[in-house]
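What follows is the content of entry_16.txt (compact mmCIF, C-alpha atoms and all ligand atoms).
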# COMPACT_ATOMS: atom_id res chain seq x y z
CA MET A 1 -2.05 -4.44 10.96
CA LYS A 2 -2.53 -6.54 7.85
CA ILE A 3 -3.66 -4.73 4.76
CA GLN A 4 -5.69 -6.76 2.35
CA MET A 5 -4.26 -6.41 -1.08
CA GLY A 6 -6.31 -7.62 -3.99
CA VAL A 7 -4.62 -9.85 -6.46
CA ASP A 8 -2.15 -8.00 -8.69
CA PRO A 9 -4.09 -7.68 -11.93
CA SER A 10 -0.92 -7.47 -13.98
CA LEU A 11 -0.14 -11.04 -13.04
CA VAL A 12 -3.60 -12.41 -13.55
CA TYR A 13 -5.19 -11.25 -16.73
CA ARG A 14 -2.91 -11.60 -19.74
CA PRO A 15 -5.12 -12.02 -22.79
CA ASP A 16 -2.29 -11.27 -25.19
CA ILE A 17 0.10 -13.91 -23.96
CA LYS A 18 -0.65 -17.26 -25.48
CA SER A 19 2.59 -19.07 -24.85
CA LYS A 20 2.48 -22.58 -23.48
CA GLU A 21 4.34 -21.43 -20.43
CA MET A 22 1.75 -18.77 -19.70
CA LYS A 23 -1.16 -21.14 -20.22
CA GLU A 24 0.33 -23.55 -17.74
CA LYS A 25 0.76 -20.69 -15.33
CA VAL A 26 -2.82 -19.56 -15.76
CA GLU A 27 -4.09 -23.11 -15.31
CA TYR A 28 -1.99 -23.60 -12.24
CA ARG A 29 -3.30 -20.45 -10.66
CA ASN A 30 -6.86 -21.21 -11.75
CA TYR A 31 -7.75 -17.66 -12.58
CA THR A 32 -10.58 -18.53 -14.91
CA SER A 33 -13.28 -18.48 -12.29
CA GLY A 34 -15.88 -15.70 -12.44
CA PRO A 35 -15.51 -13.79 -9.16
CA LEU A 36 -11.77 -13.24 -9.51
CA LEU A 37 -12.01 -12.09 -13.10
CA GLU A 38 -14.74 -9.71 -12.01
CA ARG A 39 -12.48 -8.33 -9.28
CA VAL A 40 -9.69 -7.81 -11.78
CA PHE A 41 -12.07 -6.14 -14.22
CA ASN A 42 -13.30 -3.81 -11.48
CA THR A 43 -9.75 -2.82 -10.57
CA TYR A 44 -8.98 -1.99 -14.18
CA SER A 45 -12.29 -0.13 -14.56
CA LEU A 46 -11.38 2.15 -11.67
CA MET A 47 -7.82 2.55 -12.95
CA HIS A 48 -8.90 3.34 -16.47
CA THR A 49 -11.55 5.77 -15.28
CA HIS A 50 -9.43 7.78 -12.86
CA GLN A 51 -5.87 7.66 -14.23
CA THR A 52 -5.87 10.82 -16.30
CA MET A 53 -3.11 13.28 -17.18
CA ASP A 54 -4.20 15.54 -14.30
CA PHE A 55 -4.33 12.68 -11.82
CA VAL A 56 -0.87 11.44 -12.77
CA ARG A 57 0.65 14.92 -12.50
CA GLN A 58 -0.90 15.22 -9.04
CA LYS A 59 0.46 11.86 -7.83
CA ASN A 60 3.91 12.64 -9.19
CA ALA A 61 3.91 15.94 -7.33
CA ILE A 62 2.84 14.29 -4.06
CA TRP A 63 5.35 11.44 -4.06
CA GLU A 64 8.43 12.69 -5.90
CA SER A 65 9.78 14.60 -2.91
CA CYS A 66 10.03 11.30 -0.95
CA THR A 67 8.90 12.80 2.35
CA PHE A 68 6.57 9.95 3.32
CA LYS A 69 8.89 7.88 5.48
CA LYS A 70 12.55 7.11 6.34
CA MET A 71 13.61 3.47 6.30
CA THR A 72 16.18 1.03 4.99
CA ILE A 73 15.53 -1.40 2.13
CA MET A 74 15.28 -4.29 4.60
CA GLU A 75 12.75 -2.38 6.70
CA ALA A 76 10.66 -1.71 3.60
CA LEU A 77 10.91 -5.38 2.64
CA ASP A 78 9.75 -6.46 6.10
CA TRP A 79 6.94 -3.96 5.94
CA LEU A 80 5.75 -5.56 2.71
CA ASP A 81 4.93 -8.63 4.80
CA ASP A 82 1.89 -6.70 6.03
CA LEU A 83 0.66 -6.86 2.47
CA VAL A 84 -1.00 -10.21 2.03
CA ASP A 85 -2.83 -10.99 -1.11
CA GLU A 86 -5.84 -12.64 0.47
CA SER A 87 -7.68 -13.08 -2.78
CA ASP A 88 -4.98 -15.18 -4.40
CA PRO A 89 -6.25 -18.78 -4.47
CA ASP A 90 -2.84 -20.43 -4.74
CA VAL A 91 -0.26 -18.20 -3.19
CA ASP A 92 -1.08 -17.36 0.36
CA PHE A 93 2.16 -15.91 1.68
CA PRO A 94 3.58 -12.48 2.44
CA ASN A 95 4.58 -10.27 -0.44
CA SER A 96 8.27 -10.17 0.47
CA TYR A 97 8.63 -13.83 -0.53
CA HIS A 98 7.86 -12.82 -4.11
CA ALA A 99 10.78 -10.40 -3.88
CA TYR A 100 13.18 -13.15 -2.76
CA GLN A 101 11.81 -15.68 -5.23
CA THR A 102 12.26 -13.28 -8.13
CA ALA A 103 15.78 -12.38 -6.97
CA GLU A 104 16.78 -16.02 -6.50
CA GLY A 105 15.42 -16.93 -9.94
CA ILE A 106 17.61 -14.24 -11.46
CA ARG A 107 20.57 -15.36 -9.35
CA LYS A 108 20.30 -18.88 -10.74
CA GLU A 109 20.47 -17.73 -14.37
CA HIS A 110 22.65 -14.66 -13.84
CA PRO A 111 24.99 -15.63 -10.99
CA ASP A 112 27.49 -12.95 -12.00
CA LYS A 113 25.02 -10.04 -11.98
CA GLY A 114 24.45 -8.97 -8.40
CA TRP A 115 22.84 -5.72 -9.55
CA PHE A 116 20.24 -7.66 -11.59
CA GLN A 117 19.46 -9.92 -8.62
CA LEU A 118 18.91 -6.81 -6.54
CA VAL A 119 16.40 -5.58 -9.15
CA GLY A 120 14.42 -8.75 -8.41
CA LEU A 121 14.41 -7.93 -4.72
CA LEU A 122 13.48 -4.27 -5.21
CA HIS A 123 11.05 -4.32 -8.12
CA ASP A 124 7.74 -4.46 -6.21
CA MET A 125 8.83 -2.49 -3.18
CA GLY A 126 6.82 0.47 -4.46
CA LYS A 127 3.74 -1.44 -3.36
CA ILE A 128 4.24 0.13 0.04
CA LEU A 129 2.01 2.78 -1.57
CA ALA A 130 -0.88 0.49 -0.60
CA LEU A 131 0.29 0.52 3.02
CA ALA A 132 0.32 4.31 2.77
CA GLY A 133 -3.37 4.19 1.95
CA GLU A 134 -3.38 4.41 -1.84
CA PRO A 135 -6.13 2.33 -3.47
CA GLN A 136 -4.88 -0.63 -5.43
CA TRP A 137 -5.94 0.75 -8.81
CA CYS A 138 -3.12 3.26 -8.47
CA VAL A 139 -0.60 0.82 -7.02
CA VAL A 140 -0.75 -2.45 -8.96
CA GLY A 141 -1.74 -3.66 -12.41
CA ASP A 142 -0.49 -2.88 -15.89
CA THR A 143 0.64 0.65 -16.60
CA PHE A 144 0.02 2.76 -19.72
CA PRO A 145 0.97 6.23 -20.96
CA VAL A 146 -1.33 9.16 -20.24
CA GLY A 147 -1.46 12.26 -22.40
CA CYS A 148 -2.02 10.32 -25.63
CA ARG A 149 -4.49 7.81 -27.06
CA HIS A 150 -4.98 4.57 -25.11
CA GLN A 151 -3.75 1.89 -27.49
CA ASP A 152 -5.47 -1.40 -28.22
CA SER A 153 -3.33 -3.83 -26.25
CA ILE A 154 -4.18 -2.25 -22.88
CA VAL A 155 -6.26 -4.84 -21.00
CA PHE A 156 -10.01 -4.21 -21.27
CA GLN A 157 -9.17 -1.20 -23.49
CA ASP A 158 -12.53 -1.26 -25.26
CA SER A 159 -14.70 -1.52 -22.15
CA THR A 160 -13.11 0.52 -19.35
CA PHE A 161 -12.07 3.94 -20.64
CA HIS A 162 -15.45 5.44 -21.52
CA ASN A 163 -15.60 7.50 -18.32
CA ASN A 164 -11.98 8.64 -18.50
CA LEU A 165 -11.97 12.41 -19.12
CA ASP A 166 -8.87 12.21 -21.34
CA THR A 167 -10.66 10.14 -23.98
CA THR A 168 -12.58 13.22 -25.11
CA HIS A 169 -9.71 15.67 -24.63
CA PRO A 170 -8.72 17.33 -27.94
CA ILE A 171 -5.01 16.61 -27.46
CA TYR A 172 -4.76 13.70 -25.00
CA SER A 173 -7.01 11.57 -27.19
CA THR A 174 -4.76 11.78 -30.26
CA GLU A 175 -2.14 9.26 -31.34
CA PHE A 176 0.83 11.34 -30.14
CA GLY A 177 -1.03 13.56 -27.68
CA ILE A 178 1.39 15.87 -25.89
CA TYR A 179 4.44 13.94 -27.13
CA GLU A 180 6.85 14.29 -30.05
CA PRO A 181 7.36 11.22 -32.25
CA HIS A 182 10.03 8.93 -30.73
CA CYS A 183 10.45 11.23 -27.74
CA GLY A 184 11.57 8.29 -25.56
CA LEU A 185 9.54 6.58 -22.84
CA GLU A 186 11.49 8.38 -20.14
CA ASN A 187 9.75 11.55 -21.31
CA VAL A 188 6.29 9.99 -21.18
CA TYR A 189 3.93 10.26 -18.20
CA MET A 190 2.95 6.74 -17.14
CA SER A 191 -0.18 5.86 -15.17
CA TRP A 192 0.66 6.08 -11.47
CA GLY A 193 1.68 2.92 -9.64
CA HIS A 194 4.42 1.00 -7.85
CA ASP A 195 6.78 1.04 -10.87
CA GLU A 196 7.03 4.81 -11.21
CA TYR A 197 7.09 5.34 -7.44
CA MET A 198 10.01 2.93 -6.88
CA TYR A 199 11.87 4.48 -9.81
CA LYS A 200 11.48 7.88 -8.15
CA VAL A 201 12.70 6.51 -4.81
CA MET A 202 15.76 5.04 -6.55
CA LYS A 203 16.55 8.34 -8.27
CA PHE A 204 15.94 10.45 -5.18
CA ASN A 205 18.26 8.31 -3.06
CA ASN A 206 20.95 8.04 -5.74
CA PHE A 207 21.05 4.27 -6.08
CA THR A 208 24.29 3.37 -7.84
CA LEU A 209 22.67 0.61 -9.91
CA PRO A 210 23.20 0.58 -13.70
CA GLU A 211 20.80 2.33 -16.04
CA GLU A 212 19.19 -1.01 -16.97
CA ALA A 213 18.09 -1.54 -13.36
CA PHE A 214 16.29 1.80 -13.18
CA TYR A 215 14.68 1.08 -16.50
CA MET A 216 13.49 -2.45 -15.69
CA ILE A 217 11.84 -1.31 -12.48
CA ARG A 218 10.22 1.72 -14.06
CA PHE A 219 8.62 -0.18 -16.93
CA HIS A 220 8.13 -3.73 -15.66
CA SER A 221 4.31 -3.35 -15.60
CA PHE A 222 4.13 -1.64 -19.00
CA TYR A 223 2.69 -4.76 -20.65
CA PRO A 224 1.02 -2.86 -23.53
CA TRP A 225 4.56 -2.06 -24.66
CA HIS A 226 6.90 -4.86 -23.62
CA THR A 227 4.41 -7.62 -24.37
CA GLY A 228 1.71 -5.95 -26.47
CA GLY A 229 4.11 -4.20 -28.85
CA ASP A 230 2.18 -0.92 -28.76
CA TYR A 231 3.51 2.62 -28.22
CA MET A 232 6.53 2.06 -30.48
CA HIS A 233 5.84 5.51 -31.99
CA LEU A 234 6.97 7.04 -28.69
CA CYS A 235 10.11 4.93 -28.35
CA ASN A 236 13.64 6.09 -29.07
CA SER A 237 16.73 3.96 -29.62
CA LYS A 238 17.39 3.70 -25.88
CA ASP A 239 13.95 2.14 -25.33
CA LEU A 240 14.56 -0.45 -28.02
CA HIS A 241 17.97 -1.17 -26.52
CA MET A 242 16.40 -1.65 -23.06
CA LEU A 243 13.42 -3.75 -24.21
CA PRO A 244 15.28 -7.10 -24.07
CA TRP A 245 16.25 -6.34 -20.46
CA VAL A 246 12.64 -5.61 -19.51
CA LYS A 247 11.55 -8.86 -21.16
CA GLU A 248 14.31 -10.81 -19.45
CA PHE A 249 13.24 -9.45 -16.08
CA ASN A 250 9.58 -10.19 -16.79
CA LYS A 251 10.37 -13.92 -17.09
CA PHE A 252 11.44 -14.08 -13.46
CA ASP A 253 8.66 -11.81 -12.20
CA LEU A 254 6.00 -14.08 -13.70
CA TYR A 255 7.37 -17.57 -13.36
CA THR A 256 9.18 -17.78 -10.05
CA LYS A 257 6.06 -17.70 -7.87
CA SER A 258 5.66 -20.94 -5.96
CA GLU A 259 4.69 -22.28 -2.54
CA ASP A 260 8.24 -23.53 -2.21
CA LEU A 261 9.21 -20.63 0.04
CA PRO A 262 12.82 -19.50 0.21
CA ASP A 263 14.62 -19.57 3.55
CA VAL A 264 14.69 -15.82 3.98
CA ASP A 265 16.94 -15.84 7.05
CA SER A 266 19.71 -17.64 5.22
CA LEU A 267 19.39 -15.38 2.16
CA ARG A 268 19.34 -12.10 4.05
CA PRO A 269 23.13 -11.65 4.48
CA TYR A 270 23.73 -12.11 0.76
CA TYR A 271 21.12 -9.53 -0.21
CA GLN A 272 22.21 -7.20 2.57
CA SER A 273 25.65 -7.15 0.95
CA LEU A 274 24.09 -6.14 -2.39
CA ILE A 275 22.05 -3.45 -0.64
CA ASP A 276 25.20 -2.17 1.08
CA GLN A 277 26.86 -1.91 -2.30
CA TYR A 278 24.09 -0.16 -4.27
CA CYS A 279 21.59 1.45 -1.87
CA PRO A 280 22.86 1.50 1.70
CA GLY A 281 21.53 3.11 4.84
CA ILE A 282 18.31 4.87 5.70
CA LEU A 283 16.47 6.02 2.62
CA SER A 284 13.76 8.60 1.95
CA TRP A 285 10.48 7.14 0.69
FE FE B 301 5.34 -5.27 -10.07
FE FE B 302 6.52 -8.68 -9.14
Would you encode the structure as structure tokens?
Ligand SMILES: [Fe+2]
Ligand SMILES: [Fe+2]
Amino acid sequence: MKIQMGVDPSLVYRPDIKSKEMKEKVEYRNYTSGPLLERVFNTYSLMHTHQTMDFVRQKNAIWESCTFKKMTIMEALDWLDDLVDESDPDVDFPNSYHAYQTAEGIRKEHPDKGWFQLVGLLHDMGKILALAGEPQWCVVGDTFPVGCRHQDSIVFQDSTFHNNLDTTHPIYSTEFGIYEPHCGLENVYMSWGHDEYMYKVMKFNNFTLPEEAFYMIRFHSFYPWHTGGDYMHLCNSKDLHMLPWVKEFNKFDLYTKSEDLPDVDSLRPYYQSLIDQYCPGILSW
């Protein structure tokens, strides 16, 4: 069964990025038309209404025990092929190609870093949440911290949070909320989505990847931070040390999408060898 996945809002609406590269990307993908922007806005409206501290705690509790399914990385990757983004006007191919394209982009610039290439392959695998029946507003899109004030660089910040219960909460609506200054992002509750889920799967199954890999996957959709520059008051020195890695990864996530599809069959053995090294066998999801 094919599941229709709306376009990933985190890759569509980037009002804060004004680089030439991004403009070209936006033009290429022709995301300026009304209906698509409306769809993206609606996804963020739902996300920003329902992703509260309570909701995030609930989702964490449901998924962190990884009792949903048993499968290998390759099985999960194949399963992602049932996720087709049918609303994307330019890229009409299964989701797993994006995984290979990102990984191959990294491989070209970082031929010596197998672990980093594997991050490219793994980073969106948490989107199997959509195949498990989760609505897309808690699978895709930009992420943001809950439990403290929603900062300005969150997309549609001024028009989508008015029905979010946390905005009137006496603690959650304050600058620091439940957090200590510079507590570190690893101690912050992020809105629920494919980043946090995949991070939990990696932890649960004891992936032997370096710290940077866990970090890049966990925060790759945290645009209000890595691109918007907000939430620095929650960051510790580790976060600042990891930020260049997150930005480096983001380059490949955004700019390797093309209709020039990789020959997956010929790439498989190479990536299988990386999987065997860092996350072998049947995993708990
Ligand atoms: Fe992603
Ligand atoms: Fe991605």
- Message: Please list as a ChimeraX atom specification every residue within 7 Å of Thr52 (chain A), counting all atoms listed in the file and excluding residues in the same chain fewer than 6 positions away.
- Response: /A:146,164-166
- Message: Would you compute the distance between CA of Thr72 (chain A) and CA of Asp265 (chain A)? Give it in Å to one decimal.
- Response: 17.0 Å
Show me a table, sorted first by chain and then by increasing residue number, of the residues of region 107-156 of chain A having an atom at most 8 Å from region 270-274 of chain A, each with its shortest atom pair and the distance in Å to one decimal, counting only C-alpha atoms and written as a tab-separated table.
residue	atom	partner	partner_atom	distance
A:Gly114	CA	A:Leu274	CA	6.7
A:Trp115	CA	A:Leu274	CA	7.3
A:Leu118	CA	A:Leu274	CA	6.7
- Task: Could you give me the residues within 12 Å of ligand FE 302 (chain B), counting all atoms listed in the file, as a PyMOL selection string?
- Result: chain A and resi 7-12+95-103+119-127+140-142+194-195+216-217+219-221+249-257
Store the residues of this selection in a file with C-alpha atoms, as an mmCIF file, in the coordinates of the input.
data_model
loop_
_atom_site.group_PDB
_atom_site.id
_atom_site.type_symbol
_atom_site.label_atom_id
_atom_site.label_comp_id
_atom_site.auth_asym_id
_atom_site.auth_seq_id
_atom_site.Cartn_x
_atom_site.Cartn_y
_atom_site.Cartn_z
ATOM 1 C CA VAL A 7 -4.620 -9.850 -6.460
ATOM 2 C CA ASP A 8 -2.150 -8.000 -8.690
ATOM 3 C CA PRO A 9 -4.090 -7.680 -11.930
ATOM 4 C CA SER A 10 -0.920 -7.470 -13.980
ATOM 5 C CA LEU A 11 -0.140 -11.040 -13.040
ATOM 6 C CA VAL A 12 -3.600 -12.410 -13.550
ATOM 7 C CA ASN A 95 4.580 -10.270 -0.440
ATOM 8 C CA SER A 96 8.270 -10.170 0.470
ATOM 9 C CA TYR A 97 8.630 -13.830 -0.530
ATOM 10 C CA HIS A 98 7.860 -12.820 -4.110
ATOM 11 C CA ALA A 99 10.780 -10.400 -3.880
ATOM 12 C CA TYR A 100 13.180 -13.150 -2.760
ATOM 13 C CA GLN A 101 11.810 -15.680 -5.230
ATOM 14 C CA THR A 102 12.260 -13.280 -8.130
ATOM 15 C CA ALA A 103 15.780 -12.380 -6.970
ATOM 16 C CA VAL A 119 16.400 -5.580 -9.150
ATOM 17 C CA GLY A 120 14.420 -8.750 -8.410
ATOM 18 C CA LEU A 121 14.410 -7.930 -4.720
ATOM 19 C CA LEU A 122 13.480 -4.270 -5.210
ATOM 20 C CA HIS A 123 11.050 -4.320 -8.120
ATOM 21 C CA ASP A 124 7.740 -4.460 -6.210
ATOM 22 C CA MET A 125 8.830 -2.490 -3.180
ATOM 23 C CA GLY A 126 6.820 0.470 -4.460
ATOM 24 C CA LYS A 127 3.740 -1.440 -3.360
ATOM 25 C CA VAL A 140 -0.750 -2.450 -8.960
ATOM 26 C CA GLY A 141 -1.740 -3.660 -12.410
ATOM 27 C CA ASP A 142 -0.490 -2.880 -15.890
ATOM 28 C CA HIS A 194 4.420 1.000 -7.850
ATOM 29 C CA ASP A 195 6.780 1.040 -10.870
ATOM 30 C CA MET A 216 13.490 -2.450 -15.690
ATOM 31 C CA ILE A 217 11.840 -1.310 -12.480
ATOM 32 C CA PHE A 219 8.620 -0.180 -16.930
ATOM 33 C CA HIS A 220 8.130 -3.730 -15.660
ATOM 34 C CA SER A 221 4.310 -3.350 -15.600
ATOM 35 C CA PHE A 249 13.240 -9.450 -16.080
ATOM 36 C CA ASN A 250 9.580 -10.190 -16.790
ATOM 37 C CA LYS A 251 10.370 -13.920 -17.090
ATOM 38 C CA PHE A 252 11.440 -14.080 -13.460
ATOM 39 C CA ASP A 253 8.660 -11.810 -12.200
ATOM 40 C CA LEU A 254 6.000 -14.080 -13.700
ATOM 41 C CA TYR A 255 7.370 -17.570 -13.360
ATOM 42 C CA THR A 256 9.180 -17.780 -10.050
ATOM 43 C CA LYS A 257 6.060 -17.700 -7.870
#
- Take CA of Ile73 (chain A) and CA of His110 (chain A) and report the distance between them in Å, one decimal. 21.9 Å
- With a distance cut-off of 7 Å and all atoms listed in the file, select the neighbouring residues of region 158-160 of chain A, excluding the residue or stretch itself and same-chain residues fewer than 4 positions from it, and output the selection as a count of residues only. 3
- Task: Go through A:Tyr231, A:Trp225, A:Tyr199, A:Tyr278 and flag the residue nearest ligand FE 301 (chain B), using all atoms listed in the file for the distances.
- Result: A:Tyr199
- Message: One decimal, in Å: what's the spacing between CA of Cys183 (chain A) and CA of Leu234 (chain A)?
- Response: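 Spanning CA of Cys183 (chain A) to CA of Leu234 (chain A) is a straight-line distance of 5.5 Å.
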